[in-house]
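**Student:** This is work-v8.cif (mmCIF, C-alpha atoms).
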data_input
#
loop_
_atom_site.label_atom_id
_atom_site.label_comp_id
_atom_site.auth_asym_id
_atom_site.auth_seq_id
_atom_site.Cartn_x
_atom_site.Cartn_y
_atom_site.Cartn_z
CA MET F 1 83.97 84.62 123.60
CA LEU F 2 80.89 86.82 123.11
CA ILE F 3 82.17 89.03 125.92
CA ASN F 4 85.32 89.61 123.85
CA ILE F 5 83.24 91.20 121.11
CA PHE F 6 81.53 93.58 123.53
CA ILE F 7 84.90 94.46 125.10
CA THR F 8 86.36 95.18 121.64
CA LEU F 9 83.47 97.50 120.82
CA LEU F 10 83.83 99.30 124.16
CA VAL F 11 87.58 99.71 123.65
CA LEU F 12 86.90 101.09 120.16
CA ALA F 13 84.56 103.73 121.57
CA PHE F 14 86.91 104.56 124.46
CA SER F 15 89.89 104.79 122.09
CA ALA F 16 88.05 107.28 119.88
CA TRP F 17 87.23 109.39 122.94
CA GLY F 18 90.76 109.18 124.36
CA LEU F 19 92.54 109.90 121.10
CA SER F 20 90.22 112.82 120.38
CA ARG F 21 91.34 114.37 123.67
CA LEU F 22 95.00 113.68 122.86
CA PHE F 23 95.01 115.01 119.27
CA SER F 24 93.33 118.24 118.19
CA LEU F 25 91.85 116.91 114.97
CA PRO F 26 88.45 117.48 113.34
CA LYS F 27 85.37 115.51 114.41
CA ASN F 28 85.23 113.84 111.00
CA ILE F 29 88.44 111.91 111.78
CA TRP F 30 86.88 110.30 114.84
CA LEU F 31 83.69 109.42 112.98
CA LEU F 32 85.83 107.64 110.38
CA PHE F 33 87.80 105.96 113.18
CA LEU F 34 84.59 104.58 114.71
CA SER F 35 82.73 103.52 111.57
CA GLN F 36 85.54 102.05 109.46
CA PRO F 37 86.31 98.89 111.51
CA LEU F 38 82.61 98.01 111.86
CA VAL F 39 82.37 97.65 108.07
CA MET F 40 85.89 96.31 107.60
CA ALA F 41 85.16 93.34 109.90
CA ALA F 42 83.56 91.40 107.04
CA SER F 43 86.82 91.16 105.06
CA PRO F 44 88.79 89.26 107.76
CA VAL F 45 85.88 86.81 107.99
CA ILE F 46 86.16 86.00 104.28
CA VAL F 47 89.95 85.62 104.64
CA PHE F 48 89.60 83.47 107.75
CA ILE F 49 86.80 81.09 106.77
CA GLY F 50 86.39 81.70 103.03
CA GLY F 51 88.96 79.14 101.94
CA ILE F 52 88.05 76.58 104.59
CA LEU F 53 84.31 76.85 103.89
CA SER F 54 84.84 76.80 100.14
CA THR F 55 86.78 73.52 100.22
CA LYS F 56 83.52 71.95 101.43
CA MET F 57 81.13 73.86 99.17
CA ALA F 58 83.14 73.91 95.93
CA SER F 59 83.44 70.89 93.64
CA ASP F 60 87.17 71.55 93.09
CA PRO F 61 89.45 72.21 96.13
CA SER F 62 91.70 74.43 94.00
CA LEU F 63 88.81 76.94 93.93
CA ALA F 64 89.07 77.38 97.70
CA THR F 65 90.68 80.82 97.43
CA LEU F 66 88.16 82.03 94.83
CA PRO F 67 85.96 83.94 97.34
CA VAL F 68 88.97 85.92 98.61
CA THR F 69 90.11 86.58 95.04
CA ILE F 70 86.63 87.64 93.93
CA MET F 71 86.36 89.88 96.99
CA ILE F 72 89.58 91.66 96.02
CA LEU F 73 88.46 91.84 92.38
CA GLY F 74 85.36 93.56 93.73
CA VAL F 75 87.58 96.13 95.43
CA ALA F 76 89.55 96.70 92.22
CA SER F 77 86.50 96.91 89.94
CA ALA F 78 84.65 99.34 92.25
CA SER F 79 87.62 101.57 93.08
CA ILE F 80 87.07 103.91 90.12
CA PRO F 81 83.25 104.17 90.55
CA ALA F 82 83.75 104.77 94.30
CA ALA F 83 86.15 107.65 93.66
CA LEU F 84 83.96 109.16 90.94
CA LEU F 85 80.88 108.96 93.16
CA ALA F 86 82.81 110.74 95.92
CA LYS F 87 83.74 113.47 93.42
CA ILE F 88 80.15 113.93 92.16
CA LYS F 89 78.12 113.42 95.34
CA GLY F 90 80.69 113.95 98.11
CA ARG F 91 82.55 111.68 100.53
CA LYS F 92 79.57 111.20 102.85
CA PHE F 93 77.20 109.98 100.13
CA ALA F 94 79.84 107.63 98.71
CA ALA F 95 80.66 106.17 102.13
CA ILE F 96 77.01 105.56 103.00
CA THR F 97 76.50 103.93 99.59
CA GLY F 98 79.39 101.56 100.33
CA PHE F 99 78.00 100.76 103.78
CA VAL F 100 74.57 99.92 102.31
CA ILE F 101 76.21 97.58 99.79
CA SER F 102 78.11 95.95 102.67
CA PHE F 103 74.87 95.38 104.59
CA PHE F 104 73.18 93.61 101.69
CA ALA F 105 76.38 91.64 101.01
CA THR F 106 76.37 90.23 104.54
CA LEU F 107 72.72 89.21 104.13
CA LEU F 108 73.61 87.50 100.85
CA ALA F 109 76.52 85.68 102.51
CA ALA F 110 74.19 84.52 105.28
CA LEU F 111 71.79 83.17 102.69
CA ALA F 112 74.65 81.45 100.83
CA THR F 113 75.81 79.60 103.94
CA TYR F 114 72.24 78.70 104.86
CA LEU F 115 71.62 77.24 101.38
CA PHE F 116 75.18 75.84 101.17
CA SER F 117 75.65 77.53 97.80
CA PHE F 118 79.23 78.14 96.69
CA GLU F 119 78.13 80.31 93.76
CA LEU F 120 76.05 82.54 96.03
CA PHE F 121 78.92 82.78 98.52
CA VAL F 122 81.28 83.91 95.75
CA LEU F 123 78.72 86.54 94.71
CA ALA F 124 78.45 87.76 98.31
CA SER F 125 82.24 87.97 98.47
CA LEU F 126 82.20 90.11 95.33
CA PHE F 127 79.83 92.64 96.92
CA ILE F 128 81.82 92.64 100.16
CA GLY F 129 84.77 93.62 97.98
CA VAL F 130 82.74 96.33 96.23
CA SER F 131 81.81 97.81 99.60
CA ALA F 132 85.46 97.62 100.67
CA ALA F 133 86.40 99.86 97.73
CA PHE F 134 84.22 102.58 99.26
CA VAL F 135 85.75 101.93 102.70
CA GLN F 136 89.24 102.31 101.22
CA GLN F 137 88.26 105.79 100.04
CA LEU F 138 87.86 106.81 103.68
CA ARG F 139 91.62 107.27 103.97
CA PHE F 140 91.43 110.00 101.34
CA ALA F 141 88.56 111.58 103.24
CA ALA F 142 90.85 111.57 106.28
CA ILE F 143 93.64 113.23 104.29
CA GLU F 144 91.22 116.00 103.21
CA ASN F 145 90.37 116.60 106.87
CA ALA F 146 94.01 116.90 107.96
CA PRO F 147 94.59 120.46 109.25
CA THR F 148 97.98 120.71 107.47
CA PRO F 149 100.03 118.51 105.10
CA ASP F 150 102.36 117.72 108.01
CA ASP F 151 99.40 116.14 109.82
CA ILE F 152 98.74 113.61 107.05
CA PRO F 153 100.95 110.81 108.53
CA THR F 154 99.26 111.32 111.92
CA VAL F 155 95.76 111.26 110.44
CA LEU F 156 96.54 108.15 108.37
CA SER F 157 98.10 106.41 111.36
CA ILE F 158 95.02 107.08 113.49
CA LEU F 159 92.67 105.79 110.80
CA MET F 160 94.81 102.71 110.14
CA LEU F 161 94.95 102.01 113.87
CA SER F 162 91.18 101.54 113.89
CA GLY F 163 91.68 98.53 111.64
CA ILE F 164 92.97 96.52 114.58
CA PHE F 165 89.42 96.38 115.91
CA ALA F 166 88.27 94.78 112.65
CA ALA F 167 91.02 92.20 113.14
CA PHE F 168 89.47 91.07 116.41
CA LEU F 169 85.81 91.63 115.61
CA GLY F 170 85.71 89.67 112.34
CA PRO F 171 87.21 86.29 113.35
CA ASP F 172 85.59 86.40 116.81
CA ILE F 173 82.17 86.99 115.28
CA ALA F 174 82.81 84.17 112.79
CA LEU F 175 83.32 81.68 115.62
CA VAL F 176 80.89 83.05 118.22
CA ALA F 177 77.87 83.25 115.93
CA LYS F 178 78.83 80.25 113.77
CA ASP F 179 76.04 77.99 115.06
CA TRP F 180 73.41 80.55 116.06
CA ILE F 181 71.36 79.52 113.04
CA ASP F 182 71.20 75.92 111.90
CA SER F 183 72.88 75.50 108.48
CA PRO F 184 75.01 72.80 106.77
CA GLU F 185 78.42 74.18 107.84
CA GLY F 186 77.37 77.08 110.05
CA TYR F 187 78.39 80.76 109.82
CA THR F 188 74.93 82.03 108.82
CA GLY F 189 74.59 83.79 112.17
CA SER F 190 78.11 85.20 111.78
CA PHE F 191 77.19 87.14 108.65
CA LEU F 192 73.93 88.36 110.17
CA MET F 193 75.86 89.72 113.14
CA LEU F 194 78.26 91.47 110.77
CA GLY F 195 75.23 93.09 109.12
CA GLY F 196 74.24 94.49 112.51
CA LEU F 197 77.64 96.17 112.85
CA VAL F 198 77.21 97.77 109.43
CA ILE F 199 73.91 99.33 110.55
CA VAL F 200 75.72 100.93 113.52
CA ALA F 201 78.41 102.24 111.14
CA LEU F 202 75.70 103.76 108.93
CA LEU F 203 74.22 105.64 111.88
CA ILE F 204 77.65 106.99 112.84
CA MET F 205 78.41 108.10 109.27
CA THR F 206 75.25 110.22 109.10
CA GLN F 207 77.09 112.69 111.37
CA PHE F 208 79.97 113.13 108.89
CA LYS F 209 80.23 116.51 107.11
CA ASN F 210 81.84 116.92 103.70
CA VAL F 211 84.84 119.22 103.35
CA GLU F 212 84.07 121.85 100.74
CA SER F 213 86.65 122.23 97.96
CA SER F 214 87.61 125.80 97.11
CA THR F 215 86.60 127.19 93.73
CA THR F 216 90.24 127.95 92.98
CA ASP F 217 91.26 124.34 93.53
CA MET F 218 88.51 122.96 91.31
CA ASN F 219 89.29 125.42 88.50
CA GLU F 220 92.96 124.44 88.35
CA LYS F 221 94.22 122.90 85.13
CA SER F 222 93.96 119.11 85.34
CA ARG F 223 96.65 117.05 83.60
CA PRO F 224 95.91 113.81 81.74
CA LEU F 225 96.35 110.65 83.81
CA PHE F 226 99.17 109.34 81.62
CA VAL F 227 101.17 112.49 82.35
CA ILE F 228 100.60 112.17 86.10
CA ALA F 229 101.45 108.45 86.02
CA GLN F 230 104.85 109.15 84.45
CA GLN F 231 106.04 111.09 87.49
CA PRO F 232 108.72 109.22 89.46
CA ILE F 233 107.01 110.13 92.75
CA PHE F 234 103.78 108.51 91.50
CA ILE F 235 105.61 105.38 90.37
CA VAL F 236 107.40 105.05 93.72
CA SER F 237 104.12 105.54 95.58
CA ILE F 238 102.29 102.95 93.49
CA LEU F 239 105.05 100.33 93.68
CA CYS F 240 105.40 100.67 97.46
CA ALA F 241 101.71 100.19 98.12
CA ALA F 242 100.90 97.74 95.27
CA ILE F 243 103.76 95.31 95.93
CA GLY F 244 103.19 95.61 99.66
CA PHE F 245 99.50 94.80 99.20
CA ALA F 246 100.06 92.01 96.66
CA LEU F 247 102.67 90.12 98.72
CA MET F 248 100.60 90.53 101.88
CA SER F 249 97.51 89.14 100.16
CA TYR F 250 99.50 86.35 98.49
CA LEU F 251 100.91 84.96 101.74
CA MET F 252 97.86 85.73 103.87
CA THR F 253 95.45 83.98 101.48
CA ALA F 254 97.62 80.86 101.35
CA THR F 255 98.18 80.68 105.12
CA PRO F 256 94.80 79.32 106.36
CA LEU F 257 94.81 76.63 103.68
CA SER F 258 98.44 75.72 104.31
CA MET F 259 98.00 75.60 108.08
CA HIS F 260 94.62 73.90 108.39
CA GLN F 261 94.17 71.90 105.21
CA LEU F 262 97.74 70.84 104.31
CA HIS F 263 99.55 70.71 107.66
CA GLY F 264 96.74 69.85 110.07
CA HIS F 265 96.91 72.78 112.46
CA SER F 266 93.69 73.43 114.37
CA LEU F 267 91.12 76.05 113.36
CA LEU F 268 91.78 77.92 116.61
CA ASP F 269 95.52 78.08 115.89
CA THR F 270 94.77 79.24 112.36
CA LYS F 271 92.42 81.93 113.73
CA TRP F 272 95.11 83.08 116.15
CA VAL F 273 97.68 83.46 113.37
CA ILE F 274 95.28 85.35 111.08
CA GLN F 275 94.08 87.60 113.91
CA SER F 276 97.67 88.31 114.94
CA HIS F 277 98.51 89.16 111.34
CA ILE F 278 95.60 91.58 110.89
CA ALA F 279 96.35 93.16 114.28
CA ALA F 280 99.98 93.57 113.22
CA MET F 281 98.80 95.34 110.07
CA PHE F 282 97.29 98.15 112.12
CA LEU F 283 98.91 98.18 115.57
CA PRO F 284 102.16 99.82 114.33
CA SER F 285 100.03 102.88 113.53
CA LEU F 286 100.47 103.79 117.22
CA VAL F 287 104.05 104.78 116.41
CA THR F 288 104.32 105.24 112.63
CA ALA F 289 103.45 108.96 112.71
CA TRP F 290 106.22 109.49 115.29
CA LEU F 291 108.62 107.36 113.22
CA VAL F 292 107.97 109.47 110.13
CA LYS F 293 108.56 112.72 112.03
CA ARG F 294 111.68 111.34 113.74
CA PHE F 295 113.35 109.41 110.92
CA GLY F 296 111.57 110.45 107.72
CA ILE F 297 109.35 108.62 105.25
CA LYS F 298 112.31 107.04 103.45
CA SER F 299 113.38 105.24 106.64
CA LEU F 300 109.87 103.82 107.00
CA LEU F 301 110.08 102.52 103.43
CA LEU F 302 113.47 100.96 104.13
CA ALA F 303 112.19 99.28 107.29
CA GLY F 304 109.16 97.87 105.46
CA THR F 305 111.34 96.42 102.71
CA LEU F 306 113.77 94.81 105.18
CA ILE F 307 110.86 93.31 107.12
CA TYR F 308 109.43 91.76 103.95
CA GLY F 309 112.81 90.15 103.34
CA SER F 310 112.78 88.67 106.84
CA VAL F 311 109.23 87.35 106.27
CA ALA F 312 110.44 85.25 103.34
CA PHE F 313 113.33 83.85 105.40
CA ILE F 314 111.13 82.85 108.36
CA ALA F 315 108.29 81.46 106.23
CA PHE F 316 110.74 79.31 104.28
CA SER F 317 112.21 77.89 107.49
CA GLY F 318 109.30 75.57 108.37
CA GLU F 319 105.57 74.93 108.79
CA HIS F 320 105.26 74.94 112.58
CA ILE F 321 102.71 77.28 114.16
CA MET F 322 105.36 79.77 115.26
CA HIS F 323 106.87 79.90 111.77
CA TYR F 324 103.48 80.96 110.46
CA TRP F 325 102.88 83.31 113.39
CA TRP F 326 106.17 85.19 113.13
CA ALA F 327 105.99 85.36 109.34
CA LEU F 328 102.42 86.70 109.33
CA VAL F 329 103.00 89.18 112.16
CA LEU F 330 106.07 90.62 110.43
CA LEU F 331 104.14 90.62 107.16
CA GLY F 332 101.49 92.79 108.80
CA ILE F 333 104.05 95.25 110.18
CA GLY F 334 105.86 95.48 106.84
CA TRP F 335 102.56 96.08 105.04
CA ASN F 336 101.71 98.91 107.44
CA PHE F 337 105.01 100.67 106.74
CA LEU F 338 104.77 100.23 102.96
CA PHE F 339 101.10 101.20 102.72
CA LEU F 340 101.59 104.32 104.85
CA THR F 341 104.61 105.28 102.74
CA GLY F 342 102.73 104.87 99.47
CA THR F 343 99.61 106.70 100.71
CA THR F 344 101.66 109.58 102.14
CA LEU F 345 103.62 110.03 98.91
CA LEU F 346 100.59 109.83 96.59
CA PRO F 347 99.26 113.39 97.29
CA LEU F 348 102.64 114.73 96.14
CA SER F 349 101.79 113.55 92.62
CA TYR F 350 98.53 115.45 92.10
CA THR F 351 96.82 118.83 92.49
CA PRO F 352 93.45 119.22 94.27
CA SER F 353 91.57 119.19 90.94
CA GLU F 354 93.25 115.89 90.01
CA LYS F 355 92.83 114.04 93.30
CA HIS F 356 89.76 111.91 92.56
CA LYS F 357 90.96 110.44 89.29
CA VAL F 358 94.47 109.80 90.64
CA GLN F 359 93.06 108.17 93.79
CA ALA F 360 90.82 106.01 91.59
CA LEU F 361 93.76 104.91 89.42
CA ASN F 362 95.85 104.26 92.52
CA ASP F 363 93.25 101.96 94.08
CA PHE F 364 92.52 100.20 90.79
CA ILE F 365 96.21 99.28 90.41
CA LEU F 366 96.60 98.40 94.10
CA PHE F 367 93.67 96.04 94.29
CA GLY F 368 94.20 94.67 90.80
CA PHE F 369 97.65 93.51 91.94
CA GLN F 370 96.17 92.18 95.16
CA ALA F 371 93.45 90.23 93.32
CA ALA F 372 95.97 88.62 90.97
CA ALA F 373 98.14 87.65 93.94
CA SER F 374 95.28 86.06 95.88
CA LEU F 375 94.12 84.14 92.79
CA LEU F 376 97.60 82.71 92.30
CA ALA F 377 98.00 81.85 95.99
CA GLY F 378 95.73 78.80 96.00
CA TRP F 379 97.03 77.46 92.68
CA VAL F 380 100.71 77.81 93.66
CA LEU F 381 100.05 76.34 97.11
CA TYR F 382 98.45 73.18 95.73
CA LYS F 383 101.05 72.85 92.97
CA ALA F 384 104.26 73.74 94.81
CA GLY F 385 103.42 73.77 98.52
CA TRP F 386 104.03 76.47 101.11
CA GLN F 387 107.72 76.79 100.28
CA GLY F 388 106.84 77.29 96.62
CA VAL F 389 104.57 80.15 97.63
CA VAL F 390 107.39 81.76 99.61
CA LEU F 391 110.03 81.31 96.89
CA SER F 392 107.78 82.83 94.24
CA SER F 393 107.46 86.01 96.35
CA LEU F 394 111.20 86.74 96.28
CA PRO F 395 111.34 88.55 92.88
CA PHE F 396 108.85 91.11 94.18
CA VAL F 397 110.89 91.63 97.34
CA ALA F 398 113.84 92.34 95.01
CA ILE F 399 111.78 94.98 93.16
CA LEU F 400 110.97 96.61 96.52
CA VAL F 401 114.68 96.74 97.31
CA GLY F 402 115.30 98.57 94.02
CA VAL F 403 112.46 101.06 94.63
CA THR F 404 113.71 101.72 98.16
CA PHE F 405 117.26 102.37 96.98
CA TYR F 406 116.03 104.73 94.25
CA PHE F 407 113.84 106.73 96.64
CA TYR F 408 116.50 106.79 99.34
CA VAL F 409 118.96 108.39 96.91
CA ASN F 410 116.53 110.74 95.12
CA GLN F 411 114.00 111.76 97.81
CA GLU F 412 114.80 115.47 97.88
CA LYS F 413 114.80 115.77 94.09
CA LEU F 414 111.50 113.90 93.77
CA GLN F 415 109.75 115.99 96.42
CA LYS F 416 111.09 119.22 94.91
CA LYS F 417 109.65 118.25 91.52
CA SER F 418 106.31 117.49 93.11
CA GLU F 419 106.16 121.00 94.57
CA ASN F 420 106.42 122.44 91.04
CA LYS F 421 103.68 120.27 89.48
CA THR F 422 101.11 122.14 87.49
#
Spit out the file's structure as structure tokens when you get a sec.
**Tutor:**
Amino acid sequence: MLINIFITLLVLAFSAWGLSRLFSLPKNIWLLFLSQPLVMAASPVIVFIGGILSTKMASDPSLATLPVTIMILGVASASIPAALLAKIKGRKFAAITGFVISFFATLLAALATYLFSFELFVLASLFIGVSAAFVQQLRFAAIENAPTPDDIPTVLSILMLSGIFAAFLGPDIALVAKDWIDSPEGYTGSFLMLGGLVIVALLIMTQFKNVESSTTDMNEKSRPLFVIAQQPIFIVSILCAAIGFALMSYLMTATPLSMHQLHGHSLLDTKWVIQSHIAAMFLPSLVTAWLVKRFGIKSLLLAGTLIYGSVAFIAFSGEHIMHYWWALVLLGIGWNFLFLTGTTLLPLSYTPSEKHKVQALNDFILFGFQAAASLLAGWVLYKAGWQGVVLSSLPFVAILVGVTFYFYVNQEKLQKKSENKT
């Protein structure tokens, strides 16, 4: 399986080279494409083994999802500082800061598994989440490097596509390096190997160059956040991405525990389902830019909402491996559509002088919702079972249906208002 990791890294490098020849986009985009998955790989590891490992380390099994929840809380709590640091010191400095935090977080996680300390593992998960907040800001760096506004869906799709490499790298590293260093339950070597990937990402990011903001843009009048947040286009953007993220996290966090702990599926089958899900989150990015140009952003939103409805139906149908697999794969695809929709619409709600504070608010809401969902996942699963988890997601699917209908009917009016924002 070690060869799979080397192949994934080679394909990542070759993909960056091939796509750079295919699309005439700035060098910064390809540097982000290369570095992002190397740091992102730690998050799938926490999702994959965090709950399983915590059931053995924690005194109470209901705390099994706490590392994932704390990780997402780390993202939410650091989203505003990450955006402010990018505003003050530039995107490059902020990204490198996040990568350094990620490196020390992987070392802390390695120490936690070596000492078999649940408290230390939760702390490491928190810092992995903090670093992820800085990684999430990379999508806004990509938007700033888009040659024209029409290129934003393409740029976002390319950057999101790189996430598929994290989907394969993370879980593979977790299993390959699990027993490299002797520890009570293993995985110490896994986190050390992840730290090595972060060092490579740091070296790549040193080549990134900040995009200078024009003096005119920075001197524009900046509206208060509460005024910006009242715009319908902002509300639609936030609801698309936040509900998409929350439901994805809710079902994804519960899946490893439901499969392996409650229904006795093997760890390899569980890994396959989680890897397939994370791959499905990013693989659609091969075609989403074309879909937006061909059918429009509102059709992508509609497709994402319909897919989320089908996820609930399939997940409620049973607990066999293929029920989980189909539900999680479709969940990943639906998330991709909803997240791209929300991220594409967000710049319509702010001016260049307002971007950092709006992006910070956006990520704080997004990952706050996601953290709450992941925290509830373990509790609901142990209280009501897998079907209870699925049933409790339906009200949020209904809200998505309402948002989709509203945007479908009012798209032109909303976008026209956004052009006149001051």
**Student:** Choose the residue, out of F:Leu202, F:Ala78, F:Ile3, F:Ile143, that has the smallest atom-to-atom separation from Ala95 of chain F; count only C-alpha atoms.
**Tutor:** F:Leu202
**Student:** Using all atoms listed in the file, which residue out of F:Ile399, F:Val45, F:Ala312, F:Leu138 lies closest to Val176 of chain F?
**Tutor:**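 That would be F:Val45, the residue with the smallest distance to Val176 of chain F.
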**Student:** Quick one: which residues end up in the PyMOL selection byres ((chain F and resi 180-194) around 6) for this structure, as JSON, numbers by chain?
**Tutor:** {"F": [106, 110, 113, 114, 173, 174, 177, 178, 179, 195, 196, 197]}
**Student:** Identify which of the residues F:Gln359, F:Asn145, F:Ser266, F:Ser102 lies closest to Ile128 of chain F, counting all atoms listed in the file when measuring atom-to-atom distances.
**Tutor:** F:Ser102
**Student:** Tell me, as a list in words, which residues lie within 7 Å of segment 155-166 of chain F, counting only C-alpha atoms; anything in the same chain fewer than 5 positions away does not count.
**Tutor:**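 Here the answer would be Thr8, Leu12, Phe33, Pro37, Leu38, Met40, Ala41, Arg139, Ala142, Ile143, Ala146, Ile278, Ala279, Phe282, Leu283, Ser285, Leu286, Thr288 and Ala289 of chain F.
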**Student:** Which residue, F:Ala280, F:Leu169, F:Leu391, F:Leu361, has the smallest gap to Ile5 of chain F when you use all atoms listed in the file?
**Tutor:**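 Answer, going by the shortest atom-to-atom distance: F:Leu169.
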**Student:** Quick one: pull the distance between atom CA of Gly244 of chain F and atom CA of Ile46 of chain F, Å, one decimal.
**Tutor:**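 A separation of 20.1 Å between them.
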